[in-house]
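S.K.: Could you have a look at this structure, given as structure tokens, before my questions?
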Amino acid sequence: MGLLSDYLERKTSKLSLPDANNALAGRDQAIITQCLHEVKRASIFPPFDEKYKSLVLAMGCFWGAEKLMWQIPGVAVTAAGYAGGITKNPTYEEVCSGATGHSEAVLVVYDTAKVNLENLVKTFFENHDPTQGNRQGNDIGTQYRSLIMYDSKEELDIINSIRDSYDKSLQKAGYPSITTEIAPRSDFFYAEEYHQQYLAKNPMGYCSIGGTGISCQAGLVTFEKETS
């Protein structure tokens, strides 16, 4: 009975976010200190070019989410990490325990002359199921929850507008309401080096990316094709 109760407690803890009193403490030292993007061959750490902006999002396992984002024309660099939680500089194992409060997240650094926030948010919503709460398909736990973080009131308005429009489309198709967490930007902690651009290093690796099949029309902007 003790083993069963321990199992149920661990399973339940992965489906509820910790608070400051019961989250893991973490550490002052960063998990990694330097890393070149496997595909872009540029540093995944700031400072970035002044013309670039960035976005932090989470849509399930970060391996597939990062690959999806680095393939978008105009995205300069991406990184896998942990966002939306309490623990400082958490490890992957700590995040998976559910005791840090983080989502598996992706930092997206992009050139606004080639792609904008609307297009990135549209891609975000279309390529996962944002109605599933603390899971994404067979991946269950708070670290798999849908999350998008903003830097300004202008960005929040854009994200909310697209979310609301897509929510109507999903509900019309029989889905429940969107559960995506939309929050102000907080600390983004870089994941271990082996997680960075994982699917470029391991092409046959696990990828959970898969949307609902419902198109998100809001905010779509067309950019001219690059000639160089």
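Going by the structure tokens order, chains are called A, B, ..., each with residues numbered from 1, while ligands are numbered from 1 in the order shown.
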Give me the residues near Asp187 of chain A as a PyMOL selection string, where near means some atom within 9 Å (using only C-alpha atoms) and where sequence neighbours in that chain fewer than 4 positions away do not count.

M.R.: chain A and resi 82-85+88

S.K.: Can you check which parts of segment 50-150 of chain A lie within 12 Å of segment 15-21 of chain A? Per residue, the shortest pair of atoms and distance in Å to one decimal, counting only C-alpha atoms, sorted by chain and number, as CSV.

M.R.:
residue,atom,partner,partner_atom,distance
A:Gly84,CA,A:Leu17,CA,10.3
A:Gly85,CA,A:Leu17,CA,8.5
A:Ile86,CA,A:Ala20,CA,6.7
A:Thr87,CA,A:Ala20,CA,8.6
A:Lys88,CA,A:Ala20,CA,11.5
A:Val95,CA,A:Leu17,CA,11.1
A:Cys96,CA,A:Leu15,CA,10.9
A:Ser97,CA,A:Leu15,CA,10.1
A:Gly98,CA,A:Leu17,CA,7.1
A:Ala99,CA,A:Pro18,CA,6.0
A:Thr100,CA,A:Pro18,CA,6.7
A:Gly101,CA,A:Leu17,CA,5.3
A:His102,CA,A:Leu17,CA,8.6
A:Ser103,CA,A:Leu17,CA,10.4
A:Gln132,CA,A:Leu15,CA,11.8
A:Gly133,CA,A:Leu15,CA,9.0
A:Asn134,CA,A:Leu15,CA,6.1
A:Arg135,CA,A:Leu15,CA,8.4
A:Asp139,CA,A:Leu15,CA,11.3
A:Ile140,CA,A:Leu15,CA,7.6
A:Gly141,CA,A:Leu15,CA,5.1
A:Thr142,CA,A:Leu15,CA,5.4
A:Gln143,CA,A:Leu15,CA,8.9
A:Tyr144,CA,A:Leu15,CA,9.8
A:Arg145,CA,A:Leu15,CA,9.6

S.K.: So that I have them on file, write out the residues from the current selection with N, CA and C atoms, as an mmCIF file, in the first residue's frame.

M.R.:
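part-v1.cif, written as the output of this step:
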data_model
loop_
_atom_site.group_PDB
_atom_site.id
_atom_site.type_symbol
_atom_site.label_atom_id
_atom_site.label_comp_id
_atom_site.auth_asym_id
_atom_site.auth_seq_id
_atom_site.Cartn_x
_atom_site.Cartn_y
_atom_site.Cartn_z
ATOM 1 N N GLY A 84 8.829 29.546 -16.919
ATOM 2 C CA GLY A 84 7.542 29.590 -16.240
ATOM 3 C C GLY A 84 7.520 28.948 -14.874
ATOM 4 N N GLY A 85 8.703 28.651 -14.310
ATOM 5 C CA GLY A 85 8.743 27.955 -13.031
ATOM 6 C C GLY A 85 9.383 28.764 -11.920
ATOM 7 N N ILE A 86 9.803 28.067 -10.879
ATOM 8 C CA ILE A 86 10.328 28.694 -9.666
ATOM 9 C C ILE A 86 11.803 28.389 -9.455
ATOM 10 N N THR A 87 12.197 27.155 -9.653
ATOM 11 C CA THR A 87 13.557 26.701 -9.366
ATOM 12 C C THR A 87 14.585 27.393 -10.261
ATOM 13 N N LYS A 88 15.704 27.801 -9.669
ATOM 14 C CA LYS A 88 16.755 28.486 -10.411
ATOM 15 C C LYS A 88 17.702 27.476 -11.047
ATOM 16 N N VAL A 95 13.103 19.143 -13.600
ATOM 17 C CA VAL A 95 11.914 19.630 -14.301
ATOM 18 C C VAL A 95 10.909 18.496 -14.508
ATOM 19 N N CYS A 96 11.417 17.320 -14.895
ATOM 20 C CA CYS A 96 10.537 16.176 -15.133
ATOM 21 C C CYS A 96 9.878 15.668 -13.849
ATOM 22 N N SER A 97 10.431 15.993 -12.709
ATOM 23 C CA SER A 97 9.836 15.575 -11.439
ATOM 24 C C SER A 97 8.562 16.348 -11.126
ATOM 25 N N GLY A 98 8.363 17.485 -11.800
ATOM 26 C CA GLY A 98 7.213 18.327 -11.520
ATOM 27 C C GLY A 98 7.425 19.261 -10.342
ATOM 28 N N ALA A 99 8.619 19.254 -9.755
ATOM 29 C CA ALA A 99 8.878 20.019 -8.533
ATOM 30 C C ALA A 99 9.574 21.353 -8.780
ATOM 31 N N THR A 100 9.644 21.789 -10.043
ATOM 32 C CA THR A 100 10.256 23.086 -10.338
ATOM 33 C C THR A 100 9.247 24.093 -10.895
ATOM 34 N N GLY A 101 8.155 23.579 -11.462
ATOM 35 C CA GLY A 101 7.128 24.447 -12.034
ATOM 36 C C GLY A 101 7.389 24.887 -13.459
ATOM 37 N N HIS A 102 8.480 24.414 -14.068
ATOM 38 C CA HIS A 102 8.835 24.854 -15.415
ATOM 39 C C HIS A 102 8.148 24.038 -16.509
ATOM 40 N N SER A 103 7.979 24.699 -17.657
ATOM 41 C CA SER A 103 7.644 24.016 -18.902
ATOM 42 C C SER A 103 8.923 23.775 -19.686
ATOM 43 N N GLN A 132 -5.056 20.828 -23.929
ATOM 44 C CA GLN A 132 -4.863 19.616 -23.134
ATOM 45 C C GLN A 132 -4.393 19.831 -21.698
ATOM 46 N N GLY A 133 -4.180 21.070 -21.279
ATOM 47 C CA GLY A 133 -3.742 21.293 -19.906
ATOM 48 C C GLY A 133 -2.326 20.798 -19.679
ATOM 49 N N ASN A 134 -2.113 20.033 -18.624
ATOM 50 C CA ASN A 134 -0.774 19.578 -18.253
ATOM 51 C C ASN A 134 -0.381 18.288 -18.971
ATOM 52 N N ARG A 135 -0.441 18.341 -20.266
ATOM 53 C CA ARG A 135 -0.018 17.197 -21.072
ATOM 54 C C ARG A 135 0.060 17.614 -22.532
ATOM 55 N N ASP A 139 2.612 12.543 -23.460
ATOM 56 C CA ASP A 139 3.509 13.188 -22.494
ATOM 57 C C ASP A 139 2.659 13.893 -21.439
ATOM 58 N N ILE A 140 2.761 13.432 -20.201
ATOM 59 C CA ILE A 140 1.904 13.937 -19.135
ATOM 60 C C ILE A 140 2.743 14.571 -18.035
ATOM 61 N N GLY A 141 2.350 15.768 -17.608
ATOM 62 C CA GLY A 141 3.053 16.475 -16.542
ATOM 63 C C GLY A 141 3.030 17.966 -16.800
ATOM 64 N N THR A 142 3.260 18.747 -15.751
ATOM 65 C CA THR A 142 3.219 20.205 -15.893
ATOM 66 C C THR A 142 4.304 20.715 -16.834
ATOM 67 N N GLN A 143 5.387 19.951 -17.009
ATOM 68 C CA GLN A 143 6.454 20.424 -17.896
ATOM 69 C C GLN A 143 6.042 20.379 -19.359
ATOM 70 N N TYR A 144 4.918 19.742 -19.665
ATOM 71 C CA TYR A 144 4.432 19.654 -21.044
ATOM 72 C C TYR A 144 3.280 20.622 -21.313
ATOM 73 N N ARG A 145 2.973 21.490 -20.367
ATOM 74 C CA ARG A 145 1.853 22.406 -20.567
ATOM 75 C C ARG A 145 2.175 23.454 -21.632
#

S.K.: Hey, what does DSSP flag as alpha helix (DSSP H) within segment 59-98 of chain A? Can you give it to me as JSON, numbers by chain?

M.R.: {"A": [62, 63, 64, 65, 66, 67, 68, 69, 70, 92, 93, 94, 95, 96]}

S.K.: For the atom pair atom CA of Gln29 of chain A and atom CA of Ala79 of chain A, what is the interatomic distance in Å to one decimal place?

M.R.: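 Answer for the atom CA of Gln29 of chain A to atom CA of Ala79 of chain A separation: 18.1 Å.
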
S.K.: Would you compute the distance between atom CA of Ala191 of chain A and atom CA of Leu57 of chain A? Give it in Å to one decimal.

M.R.: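 Interatomic distance here is 14.1 Å.
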
S.K.: Between A:Gly205, A:Pro130, A:Gly81, A:Gly211, which one has atoms that come closest to Pro176 of chain A, using only C-alpha atoms?

M.R.: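 Selected residue with least distance to Pro176 of chain A: A:Pro130.
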
S.K.: Distance table requested - segment 42-79 of chain A against segment 32-37 of chain A, cut-off 8 Å, only C-alpha atoms: one row per qualifying residue with the closest atom pair and its distance in Å to one decimal, ordered by chain and rising residue number, as a tab-separated table.

M.R.:
residue	atom	partner	partner_atom	distance
A:Ala42	CA	A:Leu36	CA	5.3
A:Ser43	CA	A:Leu36	CA	4.5
A:Ile44	CA	A:His37	CA	6.0
A:Phe45	CA	A:Gln34	CA	7.3
A:Val77	CA	A:His37	CA	7.0
A:Thr78	CA	A:His37	CA	7.4
A:Ala79	CA	A:His37	CA	7.8

S.K.: Can you work out which one of A:Ile148, A:Ala76, A:Val121, A:Ala30 has the shortest atom-to-atom distance to Gly60 of chain A, counting only C-alpha atoms?

M.R.: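 Looking only at the distances to Gly60 of chain A, the closest residue turns out to be A:Ile148.
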
S.K.: Do a neighbour search on segment 66-72 of chain A at 7 Å with only C-alpha atoms, toss out local chain neighbours closer than 6 positions, and write the hits as a list in words.

M.R.: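 Non-adjacent residues within range: Thr78, Ala79, Ala80, Val106, Val108, Gln197 and Leu199 of chain A.
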
S.K.: Leaving out segment 112-117 of chain A and any residue of its chain fewer than 2 positions from it, which residues lie within 6 Å of it when counting only C-alpha atoms, given as a list in words?

M.R.: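 My list of contacting residues is Gly74, Asn119 and Leu120 of chain A.
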
S.K.: Run DSSP on the backbone and give me the residues of segment 41-88 of chain A it puts in strand (DSSP E or B), as a PyMOL selection string.

M.R.: chain A and resi 43+52-59+75-83+88

S.K.: Would you mind exporting the chosen residues as a CSV table (one decimal), in the first residue's frame, restricted to C-alpha atoms?

M.R.:
chain,number,residue,atom,x,y,z
A,43,SER,CA,25.6,31.4,-30.3
A,52,TYR,CA,16.2,40.9,-33.5
A,53,LYS,CA,13.4,40.2,-31.1
A,54,SER,CA,12.7,37.1,-29.1
A,55,LEU,CA,9.8,34.9,-27.9
A,56,VAL,CA,9.6,32.1,-25.3
A,57,LEU,CA,7.0,29.4,-25.9
A,58,ALA,CA,6.3,25.8,-24.8
A,59,MET,CA,4.2,23.3,-26.7
A,75,VAL,CA,14.3,32.8,-37.2
A,76,ALA,CA,18.0,33.5,-36.4
A,77,VAL,CA,18.6,31.1,-33.6
A,78,THR,CA,16.7,28.9,-31.1
A,79,ALA,CA,17.5,27.3,-27.8
A,80,ALA,CA,15.9,24.6,-25.6
A,81,GLY,CA,15.3,25.5,-22.0
A,82,TYR,CA,13.0,25.8,-19.0
A,83,ALA,CA,10.5,28.6,-18.4
A,88,LYS,CA,16.8,28.5,-10.4
